[in-house]
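With compact mmCIF, C-alpha atoms and all ligand atoms inside, this is my_file00.txt:
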# COMPACT_ATOMS: atom_id res chain seq x y z
CA MET A 27 3.80 5.51 -24.56
CA THR A 28 7.33 4.21 -24.10
CA THR A 29 9.82 6.44 -22.31
CA ASN A 30 13.60 6.21 -22.08
CA LYS A 31 13.29 6.70 -18.34
CA LYS A 32 14.42 3.90 -16.05
CA CYS A 33 11.58 2.04 -14.34
CA LEU A 34 11.48 2.71 -10.58
CA VAL A 35 9.11 0.38 -8.69
CA ALA A 36 8.25 1.16 -5.05
CA LEU A 37 6.54 -1.42 -2.83
CA THR A 38 5.04 0.57 0.04
CA GLY A 39 3.46 -0.49 3.32
CA ALA A 40 1.82 1.11 6.33
CA GLY A 41 5.11 2.69 7.40
CA ILE A 42 5.05 5.25 4.58
CA SER A 43 1.76 6.61 5.94
CA ALA A 44 2.87 6.61 9.59
CA GLU A 45 4.11 10.22 9.38
CA SER A 46 0.69 11.15 7.99
CA GLY A 47 -0.85 10.01 11.26
CA PHE A 48 -1.84 6.43 10.42
CA LYS A 49 -0.99 3.63 12.81
CA THR A 50 0.96 0.77 11.30
CA PHE A 51 -0.23 -2.78 11.96
CA ARG A 52 2.66 -4.50 13.73
CA ASP A 53 4.61 -1.77 15.46
CA SER A 54 4.09 -1.37 19.20
CA GLY A 55 0.81 0.52 19.51
CA GLY A 56 -0.14 -0.73 16.06
CA LEU A 57 -3.65 -1.56 14.88
CA TRP A 58 -3.25 -5.28 15.49
CA GLU A 59 -2.62 -4.56 19.18
CA GLU A 60 -5.95 -2.74 19.35
CA TYR A 61 -8.07 -5.00 17.15
CA SER A 62 -8.03 -8.68 16.37
CA VAL A 63 -7.16 -9.17 12.69
CA GLU A 64 -9.84 -11.86 12.46
CA ASP A 65 -12.52 -9.44 13.67
CA VAL A 66 -11.75 -6.49 11.38
CA ALA A 67 -9.70 -7.72 8.43
CA SER A 68 -10.83 -11.23 7.52
CA ILE A 69 -13.63 -12.56 5.33
CA GLU A 70 -14.81 -14.68 8.27
CA GLY A 71 -15.02 -11.52 10.38
CA TRP A 72 -17.21 -9.91 7.74
CA TYR A 73 -19.75 -12.74 7.83
CA ARG A 74 -19.53 -12.91 11.63
CA ASN A 75 -19.98 -9.18 12.32
CA PRO A 76 -20.27 -6.91 9.27
CA LYS A 77 -21.22 -3.92 11.45
CA LEU A 78 -17.97 -4.07 13.46
CA MET A 79 -15.94 -4.25 10.25
CA THR A 80 -17.94 -1.50 8.55
CA ASP A 81 -17.34 0.77 11.58
CA PHE A 82 -13.60 -0.06 11.53
CA TYR A 83 -13.25 1.07 7.92
CA ASN A 84 -15.57 4.05 8.46
CA ASP A 85 -13.20 5.27 11.19
CA LEU A 86 -10.14 4.85 8.91
CA ARG A 87 -11.95 6.62 6.06
CA THR A 88 -12.85 9.57 8.32
CA GLN A 89 -9.19 9.77 9.40
CA LEU A 90 -8.06 9.64 5.76
CA GLU A 91 -10.12 12.69 4.80
CA LYS A 92 -8.17 14.75 7.37
CA ALA A 93 -4.76 13.18 6.67
CA GLN A 94 -2.15 14.67 4.34
CA PRO A 95 0.55 12.98 2.25
CA ASN A 96 4.03 13.32 3.80
CA ASP A 97 7.39 13.86 2.08
CA GLY A 98 7.74 10.12 1.53
CA HIS A 99 4.67 10.15 -0.73
CA LYS A 100 5.54 13.53 -2.25
CA ILE A 101 9.14 12.73 -3.22
CA LEU A 102 8.05 9.50 -4.90
CA ALA A 103 5.59 11.57 -6.95
CA GLU A 104 8.29 14.13 -7.80
CA LEU A 105 10.60 11.35 -9.04
CA GLU A 106 8.20 10.83 -11.97
CA GLU A 107 10.10 13.69 -13.61
CA TYR A 108 13.19 11.47 -13.83
CA PHE A 109 11.86 7.90 -13.75
CA ASP A 110 8.91 5.83 -14.90
CA VAL A 111 7.66 5.44 -11.32
CA ARG A 112 5.27 2.59 -10.51
CA ILE A 113 3.88 2.37 -6.96
CA ILE A 114 2.73 -1.01 -5.67
CA THR A 115 1.09 -0.32 -2.32
CA GLN A 116 -0.31 -2.57 0.39
CA ASN A 117 -1.98 0.53 1.82
CA VAL A 118 -5.67 1.25 1.31
CA ASP A 119 -5.23 5.02 1.74
CA ASN A 120 -5.09 7.40 -1.25
CA LEU A 121 -2.08 9.39 -0.06
CA HIS A 122 0.13 8.36 -3.00
CA GLU A 123 -2.51 9.62 -5.44
CA ARG A 124 -3.04 12.82 -3.45
CA ALA A 125 0.74 13.41 -3.46
CA GLY A 126 0.63 13.28 -7.27
CA SER A 127 1.72 9.73 -8.12
CA THR A 128 0.06 8.68 -11.38
CA ASN A 129 0.75 4.93 -11.39
CA VAL A 130 -0.52 3.35 -8.17
CA LEU A 131 -1.45 -0.34 -7.89
CA HIS A 132 -3.38 -1.19 -4.71
CA LEU A 133 -2.79 -4.81 -3.68
CA HIS A 134 -5.19 -4.73 -0.71
CA GLY A 135 -7.97 -2.45 -2.01
CA GLU A 136 -8.93 1.18 -1.42
CA LEU A 137 -10.77 2.85 1.48
CA THR A 138 -12.54 5.33 -0.82
CA LYS A 139 -14.24 2.53 -2.78
CA ALA A 140 -16.92 -0.07 -2.10
CA ARG A 141 -17.76 -3.26 -4.05
CA ALA A 142 -20.65 -5.65 -4.42
CA VAL A 143 -20.38 -8.54 -1.95
CA ASN A 144 -21.17 -11.01 -4.73
CA ASN A 145 -19.17 -9.34 -7.52
CA GLU A 146 -15.61 -8.16 -6.79
CA ASN A 147 -15.48 -6.37 -10.14
CA LYS A 148 -18.49 -4.17 -9.37
CA ILE A 149 -16.66 -1.29 -7.67
CA ILE A 150 -18.03 2.18 -6.82
CA ASP A 151 -16.37 5.33 -5.51
CA ILE A 152 -17.67 6.38 -2.07
CA GLY A 153 -15.11 9.03 -1.21
CA TYR A 154 -14.73 9.56 2.55
CA ARG A 155 -18.33 8.96 3.58
CA ASN A 156 -19.45 6.29 6.01
CA MET A 157 -20.99 3.06 4.76
CA SER A 158 -23.78 1.21 6.56
CA TYR A 159 -23.17 -2.50 7.09
CA ASP A 160 -26.28 -3.45 5.06
CA GLU A 161 -25.82 -0.87 2.30
CA LYS A 162 -27.04 -1.80 -1.18
CA ASP A 163 -26.17 -0.30 -4.58
CA SER A 164 -28.70 1.03 -7.11
CA ASP A 165 -29.32 -2.54 -8.35
CA GLY A 166 -30.14 -3.69 -4.83
CA GLU A 167 -26.83 -5.60 -4.48
CA LEU A 168 -25.28 -5.72 -1.01
CA LEU A 169 -22.07 -3.66 -0.75
CA ARG A 170 -18.88 -4.05 1.33
CA PRO A 171 -15.66 -2.06 1.67
CA HIS A 172 -13.36 -2.57 -1.36
CA ILE A 173 -10.65 -4.09 0.83
CA VAL A 174 -8.83 -7.40 0.33
CA TRP A 175 -9.21 -9.26 3.63
CA PHE A 176 -7.18 -12.11 5.04
CA GLY A 177 -8.45 -15.31 3.50
CA GLU A 178 -9.12 -13.64 0.13
CA ALA A 179 -7.20 -13.64 -3.14
CA VAL A 180 -5.04 -10.64 -4.19
CA PRO A 181 -6.07 -10.15 -7.85
CA ALA A 182 -3.45 -7.41 -8.48
CA ILE A 183 -0.51 -9.64 -7.49
CA THR A 184 0.06 -10.87 -11.08
CA GLU A 185 0.41 -7.33 -12.41
CA ALA A 186 2.56 -6.42 -9.39
CA ALA A 187 4.97 -9.29 -10.09
CA ARG A 188 5.21 -8.19 -13.74
CA LEU A 189 6.11 -4.66 -12.60
CA VAL A 190 8.78 -5.93 -10.19
CA ARG A 191 10.32 -8.06 -12.94
CA SER A 192 10.50 -4.95 -15.15
CA ALA A 193 12.09 -2.75 -12.47
CA ASP A 194 15.50 -1.17 -13.05
CA ILE A 195 15.30 0.29 -9.55
CA PHE A 196 13.22 -1.15 -6.68
CA ALA A 197 12.43 0.19 -3.22
CA VAL A 198 10.60 -1.35 -0.26
CA ILE A 199 9.34 1.53 1.88
CA GLY A 200 7.61 1.02 5.25
CA SER A 201 6.70 -2.64 5.07
CA SER A 202 7.59 -5.44 7.48
CA LEU A 203 7.41 -7.88 4.52
CA VAL A 204 5.56 -10.49 6.59
CA VAL A 205 2.27 -10.67 4.67
CA TYR A 206 2.10 -12.76 1.48
CA PRO A 207 1.73 -12.68 -1.43
CA ALA A 208 2.97 -9.03 -1.26
CA ALA A 209 6.13 -9.98 0.64
CA GLY A 210 6.96 -12.58 -1.99
CA LEU A 211 7.35 -9.88 -4.64
CA VAL A 212 11.03 -9.44 -3.68
CA HIS A 213 11.63 -12.86 -5.28
CA ASP A 214 10.52 -11.48 -8.64
CA LEU A 215 13.44 -9.04 -8.73
CA ARG A 216 15.99 -9.39 -11.49
CA SER A 217 19.46 -9.89 -10.03
CA ASN A 218 20.78 -6.63 -11.49
CA THR A 219 18.00 -4.43 -10.09
CA GLU A 220 19.27 -1.62 -7.87
CA SER A 221 17.27 -2.18 -4.65
CA PHE A 222 16.62 -0.02 -1.61
CA LEU A 223 14.96 -0.82 1.72
CA ILE A 224 13.74 2.20 3.69
CA ASP A 225 12.59 1.48 7.24
CA PRO A 226 13.58 2.80 10.72
CA LYS A 227 13.74 -0.81 11.93
CA GLU A 228 15.41 -3.95 10.66
CA VAL A 229 13.34 -5.88 8.10
CA GLN A 230 14.18 -9.49 7.25
CA VAL A 231 14.99 -9.90 3.57
CA PRO A 232 17.04 -12.67 1.93
CA ALA A 233 20.70 -11.56 2.18
CA TRP A 234 21.36 -12.46 -1.49
CA LEU A 235 18.98 -9.64 -2.49
CA ASN A 236 21.69 -7.13 -1.56
CA PHE A 237 19.42 -4.21 -0.64
CA ARG A 238 20.86 -0.75 0.05
CA VAL A 239 19.32 -0.37 3.54
CA ILE A 240 18.39 3.18 4.60
CA ARG A 241 17.52 2.94 8.30
CA GLU A 242 15.30 6.03 8.38
CA VAL A 243 11.62 7.04 8.48
CA ALA A 244 10.06 7.37 5.04
CA SER A 245 10.21 11.16 4.73
CA LYS A 246 13.99 11.14 5.35
CA GLY A 247 14.78 7.80 3.73
CA VAL A 248 13.03 8.57 0.44
CA ALA A 249 14.90 11.90 0.29
CA ILE A 250 18.22 10.07 0.75
CA MET A 251 17.29 7.58 -1.99
CA ARG A 252 16.27 10.44 -4.30
CA ASP A 253 19.61 12.24 -3.75
CA GLU A 254 21.56 9.05 -4.48
CA LEU A 255 19.52 8.29 -7.62
CA LEU A 256 19.76 11.83 -8.98
CA LYS A 257 23.49 11.87 -8.36
CA GLU A 258 23.71 8.70 -10.49
CA ILE A 259 21.76 10.41 -13.27
CA LYS A 260 23.45 13.79 -13.10
CA GLY A 261 26.89 12.49 -12.20
N1 LIG A 301 8.63 5.34 7.98
C1 LIG A 301 8.93 4.18 7.35
N2 LIG A 301 8.67 2.96 7.85
C2 LIG A 301 8.06 2.92 9.06
C3 LIG A 301 7.71 4.08 9.79
C4 LIG A 301 8.02 5.33 9.19
N3 LIG A 301 7.73 6.49 9.81
N4 LIG A 301 7.12 3.69 10.97
C5 LIG A 301 7.10 2.34 10.96
N5 LIG A 301 7.68 1.88 9.83
C6 LIG A 301 7.88 0.49 9.39
C7 LIG A 301 7.92 -0.54 10.50
O1 LIG A 301 9.23 -0.64 11.02
C8 LIG A 301 7.49 -1.80 9.75
O2 LIG A 301 8.60 -2.44 9.15
O3 LIG A 301 6.76 0.15 8.61
C9 LIG A 301 6.56 -1.27 8.66
C10 LIG A 301 5.09 -1.51 8.96
O4 LIG A 301 4.88 -2.91 8.96
P1 LIG A 301 3.39 -3.45 9.16
O5 LIG A 301 2.74 -2.73 10.29
O6 LIG A 301 3.47 -4.95 9.18
O7 LIG A 301 2.62 -2.97 7.83
P2 LIG A 301 2.64 -3.65 6.40
O8 LIG A 301 3.96 -4.29 6.11
O9 LIG A 301 2.14 -2.64 5.45
O10 LIG A 301 1.51 -4.81 6.56
C11 LIG A 301 1.17 -5.52 5.38
O11 LIG A 301 -0.65 -6.55 6.61
O12 LIG A 301 -2.39 -6.34 8.09
C12 LIG A 301 -2.07 -6.43 6.76
O13 LIG A 301 -3.33 -5.65 4.96
C13 LIG A 301 -2.51 -5.21 6.00
O14 LIG A 301 -1.43 -4.16 4.12
C14 LIG A 301 -1.22 -4.65 5.44
C15 LIG A 301 -0.30 -5.85 5.43
Could you quickly redo this structure as structure tokens?
Amino acid sequence: MTTNKKCLVALTGAGISAESGFKTFRDSGGLWEEYSVEDVASIEGWYRNPKLMTDFYNDLRTQLEKAQPNDGHKILAELEEYFDVRIITQNVDNLHERAGSTNVLHLHGELTKARAVNNENKIIDIGYRNMSYDEKDSDGELLRPHIVWFGEAVPAITEAARLVRSADIFAVIGSSLVVYPAAGLVHDLRSNTESFLIDPKEVQVPAWLNFRVIREVASKGVAIMRDELLKEIKG
């Protein structure tokens, strides 16, 4: 169905879920201060110690069941009334969906899903329950969390780049833009795309991209962006 609404693409990172109680990765006190990335978020780590990695994602999944979307997630969902909103998220939580967003593309997988170790397209919903590290599906195939780990391809990146190229409005919300290929998506922007960057800290982006920087936490920054965008529409 085509709409005459402008296409608003949001690239979100861990920062948008910080106010929902989730640690980010690279802030002080972040997850990568507590865990070594190699041990809990790499394909080598999985083969080295699948139980440690399974427990890591079990803990995050348990936290997710209790977490709630914050205004950052909710306002993006509400903007679907005025824009064709497409979320590209690096996050593995389901807070965008639970806030009501209907177009969410997960670049790095989803906590509430598992997949066959030997078939990345064989994906099952597991909700918020724990997995065991040697869990098998009904066909006897070994399962793993449906997460894209360091050292693995990001199958959704092609679709994500297509979305960014189609964006009339683009927003980076809560990402340090240091992990590729996600961070490289800003280079797919058309030069006339109205772009926002919402983050309480400075994030390095190429100066020629001319982002409207909103130096706020997501719940406040997304509200400011919404007010500016609606003023443009309503005059
Ligand atoms: N609101 C908005 N942004 C915030 C908030 C907040 N309340 N708190 C922190 N931030 C910002 C930080 O300033 C930082 O720029 O969110 C960003 C978080 O950056 P990272 O921790 O690097 O998270 P992210 O960019 O999502 O990491 C990308 O790295 O480890 C991998 O797969 C993992 O998807 C993740 C990827």
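Interatomic distance, CA of Ser43 (chain A) against CA of Leu189 (chain A): 22.1 Å.
Nearest residue to Asn144 (chain A), choosing from A:Ala67, A:Leu169, A:Ala44, A:Val35 and counting only C-alpha atoms: A:Leu169.
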Ranking A:Asp119, A:Asp151, A:Asp110, A:Glu228 by minimum distance to Glu91 (chain A) and counting only C-alpha atoms, which one comes first?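 Closest to Glu91 (chain A) of all the choices is A:Asp119.
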Kindly provide the residues of region 113-183 of chain A that approach region 190-195 of chain A to within 12 Å, each paired with its closest atom pair and their distance in Å to one decimal, based on only C-alpha atoms, listed by chain and increasing number, as CSV.
residue,atom,partner,partner_atom,distance
A:Ile113,CA,A:Val190,CA,10.2
A:Ile114,CA,A:Val190,CA,9.0
A:Leu131,CA,A:Val190,CA,11.9
A:Ile183,CA,A:Val190,CA,10.4
Kindly compile the residues surrounding ligand LIG 301 (chain A) within 6 Å, counting all atoms listed in the file, and format them as number ranges by chain. A: 39-42, 44-45, 50-53, 116-117, 200-203, 205, 225-227, 229, 243-244
Option closest in space to Asp214 (chain A), from A:Thr184, A:Ser68, A:Asn145, A:Ser164 [counting only C-alpha atoms]: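 Counting only C-alpha atoms, the residue closest to Asp214 (chain A) is A:Thr184.
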In Å, with one decimal, what is the gap from CA of Gly177 (chain A) to CA of Glu70 (chain A)? 8.0 Å
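Residue nearest Ala186 (chain A) within the list A:Asp81, A:Arg87, A:Ile259, A:Ala36: A:Ala36 [criterion: smallest interatomic distance, only C-alpha atoms].
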Centre and edge lengths, as AutoDock Vina command-line options, for the axis-aligned box enclosing every listed atom of region 41-58 of chain A with 6 Å of padding on each of the six sides, in Å to one decimal?
--center_x 0.7 --center_y 2.9 --center_z 12.0 --size_x 20.8 --size_y 28.4 --size_z 26.9
A:Val198, A:Val130, A:Val143, A:Ala187 ranked by distance to Arg216 (chain A), top pick (using all atoms listed in the file):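 The shortest atom-to-atom distance to Arg216 (chain A) comes from A:Ala187.
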Have a look at CA of Ala208 (chain A) and CA of Asn120 (chain A) and let me know their distance in Å, one decimal.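 One can read the CA of Ala208 (chain A) to CA of Asn120 (chain A) distance as 18.3 Å.
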Could you tell me which of A:Ile149, A:Glu106, A:Arg141, A:Met251 comes closest to Glu220 (chain A) if we count only C-alpha atoms?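 The shortest atom-to-atom distance to Glu220 (chain A) comes from A:Met251.
Within the 10 Å cut-off around Gly47 (chain A), using all atoms listed in the file and omitting residues fewer than 4 positions from it on the same chain, the listed residues are Ser43, Gln89, Leu90, Lys92, Ala93, Gln94, Pro95 and Asn96 of chain A.
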Near Tyr206 (chain A), within 10 Å and counting only C-alpha atoms, which residues show up once chain neighbours fewer than 4 positions away are dropped, as an MDAnalysis selection string? chainID A and resid 176 180 183 210:211
With only C-alpha atoms counted, which protein, DNA or RNA residues have an atom no more than 12 Å from (-20.2, -12.3, 5.8) in the file frame? Please answer as an NGL selection string. :A and (65-80 or 143-144 or 159-160 or 168-171 or 175)
Take the residues from that selection and write them out as a tab-separated table (two decimals), in the frame of the given file, keeping C-alpha atoms.
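Once everything was written out, this is part.tsv:
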chain	number	residue	atom	x	y	z
A	65	ASP	CA	-12.52	-9.44	13.67
A	66	VAL	CA	-11.75	-6.49	11.38
A	67	ALA	CA	-9.70	-7.72	8.43
A	68	SER	CA	-10.83	-11.23	7.52
A	69	ILE	CA	-13.63	-12.56	5.33
A	70	GLU	CA	-14.81	-14.68	8.27
A	71	GLY	CA	-15.02	-11.52	10.38
A	72	TRP	CA	-17.21	-9.91	7.74
A	73	TYR	CA	-19.75	-12.74	7.83
A	74	ARG	CA	-19.53	-12.91	11.63
A	75	ASN	CA	-19.98	-9.18	12.32
A	76	PRO	CA	-20.27	-6.91	9.27
A	77	LYS	CA	-21.22	-3.92	11.45
A	78	LEU	CA	-17.97	-4.07	13.46
A	79	MET	CA	-15.94	-4.25	10.25
A	80	THR	CA	-17.94	-1.50	8.55
A	143	VAL	CA	-20.38	-8.54	-1.95
A	144	ASN	CA	-21.17	-11.01	-4.73
A	159	TYR	CA	-23.17	-2.50	7.09
A	160	ASP	CA	-26.28	-3.45	5.06
A	168	LEU	CA	-25.28	-5.72	-1.01
A	169	LEU	CA	-22.07	-3.66	-0.75
A	170	ARG	CA	-18.88	-4.05	1.33
A	171	PRO	CA	-15.66	-2.06	1.67
A	175	TRP	CA	-9.21	-9.26	3.63
Selected region 55-66 of chain A, written as a PDB file, in the first residue's frame, all heavy atoms:
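This went into selection27.pdb:
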ATOM      1  N   GLY A  55      30.118   1.974  32.858  1.00  0.00           N
ATOM      2  CA  GLY A  55      29.180   1.057  33.522  1.00  0.00           C
ATOM      3  C   GLY A  55      28.442   0.191  32.525  1.00  0.00           C
ATOM      4  O   GLY A  55      27.551  -0.573  32.876  1.00  0.00           O
ATOM      5  N   GLY A  56      28.836   0.313  31.235  1.00  0.00           N
ATOM      6  CA  GLY A  56      28.155  -0.441  30.188  1.00  0.00           C
ATOM      7  C   GLY A  56      28.490  -1.923  30.215  1.00  0.00           C
ATOM      8  O   GLY A  56      29.387  -2.375  30.931  1.00  0.00           O
ATOM      9  N   LEU A  57      27.777  -2.679  29.384  1.00  0.00           N
ATOM     10  CA  LEU A  57      27.929  -4.141  29.387  1.00  0.00           C
ATOM     11  C   LEU A  57      29.351  -4.571  29.048  1.00  0.00           C
ATOM     12  O   LEU A  57      29.868  -5.537  29.582  1.00  0.00           O
ATOM     13  CB  LEU A  57      26.949  -4.770  28.382  1.00  0.00           C
ATOM     14  CG  LEU A  57      25.516  -4.959  28.887  1.00  0.00           C
ATOM     15  CD1 LEU A  57      24.615  -5.471  27.771  1.00  0.00           C
ATOM     16  CD2 LEU A  57      25.470  -5.924  30.077  1.00  0.00           C
ATOM     17  N   TRP A  58      30.005  -3.815  28.141  1.00  0.00           N
ATOM     18  CA  TRP A  58      31.344  -4.254  27.745  1.00  0.00           C
ATOM     19  C   TRP A  58      32.403  -3.898  28.782  1.00  0.00           C
ATOM     20  O   TRP A  58      33.564  -4.205  28.614  1.00  0.00           O
ATOM     21  CB  TRP A  58      31.708  -3.736  26.361  1.00  0.00           C
ATOM     22  CG  TRP A  58      30.861  -4.246  25.228  1.00  0.00           C
ATOM     23  CD1 TRP A  58      30.651  -3.653  24.032  1.00  0.00           C
ATOM     24  CD2 TRP A  58      30.073  -5.456  25.184  1.00  0.00           C
ATOM     25  NE1 TRP A  58      29.812  -4.394  23.254  1.00  0.00           N
ATOM     26  CE2 TRP A  58      29.438  -5.505  23.928  1.00  0.00           C
ATOM     27  CE3 TRP A  58      29.845  -6.510  26.080  1.00  0.00           C
ATOM     28  CZ2 TRP A  58      28.599  -6.555  23.546  1.00  0.00           C
ATOM     29  CZ3 TRP A  58      29.014  -7.548  25.701  1.00  0.00           C
ATOM     30  CH2 TRP A  58      28.396  -7.572  24.454  1.00  0.00           C
ATOM     31  N   GLU A  59      31.969  -3.265  29.894  1.00  0.00           N
ATOM     32  CA  GLU A  59      32.912  -3.126  31.028  1.00  0.00           C
ATOM     33  C   GLU A  59      32.800  -4.360  31.921  1.00  0.00           C
ATOM     34  O   GLU A  59      33.699  -4.718  32.645  1.00  0.00           O
ATOM     35  CB  GLU A  59      32.583  -1.864  31.836  1.00  0.00           C
ATOM     36  CG  GLU A  59      33.193  -0.608  31.242  1.00  0.00           C
ATOM     37  CD  GLU A  59      32.966   0.608  32.130  1.00  0.00           C
ATOM     38  OE1 GLU A  59      32.441   0.450  33.266  1.00  0.00           O
ATOM     39  OE2 GLU A  59      33.285   1.717  31.676  1.00  0.00           O
ATOM     40  N   GLU A  60      31.595  -4.978  31.863  1.00  0.00           N
ATOM     41  CA  GLU A  60      31.305  -6.104  32.773  1.00  0.00           C
ATOM     42  C   GLU A  60      31.685  -7.437  32.131  1.00  0.00           C
ATOM     43  O   GLU A  60      32.119  -8.368  32.792  1.00  0.00           O
ATOM     44  CB  GLU A  60      29.786  -6.057  33.026  1.00  0.00           C
ATOM     45  CG  GLU A  60      29.297  -6.645  34.310  1.00  0.00           C
ATOM     46  CD  GLU A  60      27.773  -6.438  34.415  1.00  0.00           C
ATOM     47  OE1 GLU A  60      27.248  -5.393  33.955  1.00  0.00           O
ATOM     48  OE2 GLU A  60      27.119  -7.366  34.906  1.00  0.00           O
ATOM     49  N   TYR A  61      31.488  -7.512  30.808  1.00  0.00           N
ATOM     50  CA  TYR A  61      31.746  -8.769  30.100  1.00  0.00           C
ATOM     51  C   TYR A  61      32.739  -8.498  28.972  1.00  0.00           C
ATOM     52  O   TYR A  61      32.781  -7.403  28.433  1.00  0.00           O
ATOM     53  CB  TYR A  61      30.458  -9.303  29.455  1.00  0.00           C
ATOM     54  CG  TYR A  61      29.365  -9.678  30.424  1.00  0.00           C
ATOM     55  CD1 TYR A  61      28.414  -8.747  30.820  1.00  0.00           C
ATOM     56  CD2 TYR A  61      29.291 -10.967  30.945  1.00  0.00           C
ATOM     57  CE1 TYR A  61      27.406  -9.088  31.714  1.00  0.00           C
ATOM     58  CE2 TYR A  61      28.275 -11.322  31.822  1.00  0.00           C
ATOM     59  CZ  TYR A  61      27.337 -10.377  32.209  1.00  0.00           C
ATOM     60  OH  TYR A  61      26.336 -10.717  33.074  1.00  0.00           O
ATOM     61  N   SER A  62      33.479  -9.542  28.602  1.00  0.00           N
ATOM     62  CA  SER A  62      34.312  -9.380  27.405  1.00  0.00           C
ATOM     63  C   SER A  62      33.442  -9.710  26.188  1.00  0.00           C
ATOM     64  O   SER A  62      32.742 -10.733  26.165  1.00  0.00           O
ATOM     65  CB  SER A  62      35.502 -10.344  27.478  1.00  0.00           C
ATOM     66  OG  SER A  62      35.539 -11.141  26.324  1.00  0.00           O
ATOM     67  N   VAL A  63      33.468  -8.804  25.205  1.00  0.00           N
ATOM     68  CA  VAL A  63      32.657  -8.995  23.998  1.00  0.00           C
ATOM     69  C   VAL A  63      32.915 -10.385  23.413  1.00  0.00           C
ATOM     70  O   VAL A  63      32.001 -11.099  23.022  1.00  0.00           O
ATOM     71  CB  VAL A  63      33.026  -7.919  22.947  1.00  0.00           C
ATOM     72  CG1 VAL A  63      32.183  -8.080  21.701  1.00  0.00           C
ATOM     73  CG2 VAL A  63      32.863  -6.540  23.526  1.00  0.00           C
ATOM     74  N   GLU A  64      34.188 -10.776  23.415  1.00  0.00           N
ATOM     75  CA  GLU A  64      34.542 -12.065  22.790  1.00  0.00           C
ATOM     76  C   GLU A  64      33.835 -13.225  23.490  1.00  0.00           C
ATOM     77  O   GLU A  64      33.459 -14.215  22.883  1.00  0.00           O
ATOM     78  CB  GLU A  64      36.064 -12.303  22.838  1.00  0.00           C
ATOM     79  CG  GLU A  64      36.900 -11.364  21.964  1.00  0.00           C
ATOM     80  CD  GLU A  64      36.888  -9.934  22.476  1.00  0.00           C
ATOM     81  OE1 GLU A  64      36.812  -9.752  23.719  1.00  0.00           O
ATOM     82  OE2 GLU A  64      36.885  -9.009  21.637  1.00  0.00           O
ATOM     83  N   ASP A  65      33.665 -13.067  24.831  1.00  0.00           N
ATOM     84  CA  ASP A  65      33.089 -14.198  25.587  1.00  0.00           C
ATOM     85  C   ASP A  65      31.583 -14.320  25.415  1.00  0.00           C
ATOM     86  O   ASP A  65      31.036 -15.422  25.493  1.00  0.00           O
ATOM     87  CB  ASP A  65      33.388 -14.046  27.093  1.00  0.00           C
ATOM     88  CG  ASP A  65      34.858 -14.266  27.392  1.00  0.00           C
ATOM     89  OD1 ASP A  65      35.558 -14.798  26.496  1.00  0.00           O
ATOM     90  OD2 ASP A  65      35.291 -13.879  28.483  1.00  0.00           O
ATOM     91  N   VAL A  66      30.885 -13.159  25.207  1.00  0.00           N
ATOM     92  CA  VAL A  66      29.412 -13.235  25.236  1.00  0.00           C
ATOM     93  C   VAL A  66      28.730 -12.748  23.956  1.00  0.00           C
ATOM     94  O   VAL A  66      27.517 -12.822  23.831  1.00  0.00           O
ATOM     95  CB  VAL A  66      28.830 -12.439  26.435  1.00  0.00           C
ATOM     96  CG1 VAL A  66      29.250 -13.058  27.750  1.00  0.00           C
ATOM     97  CG2 VAL A  66      29.213 -10.975  26.344  1.00  0.00           C
TER      98      VAL A  66
END
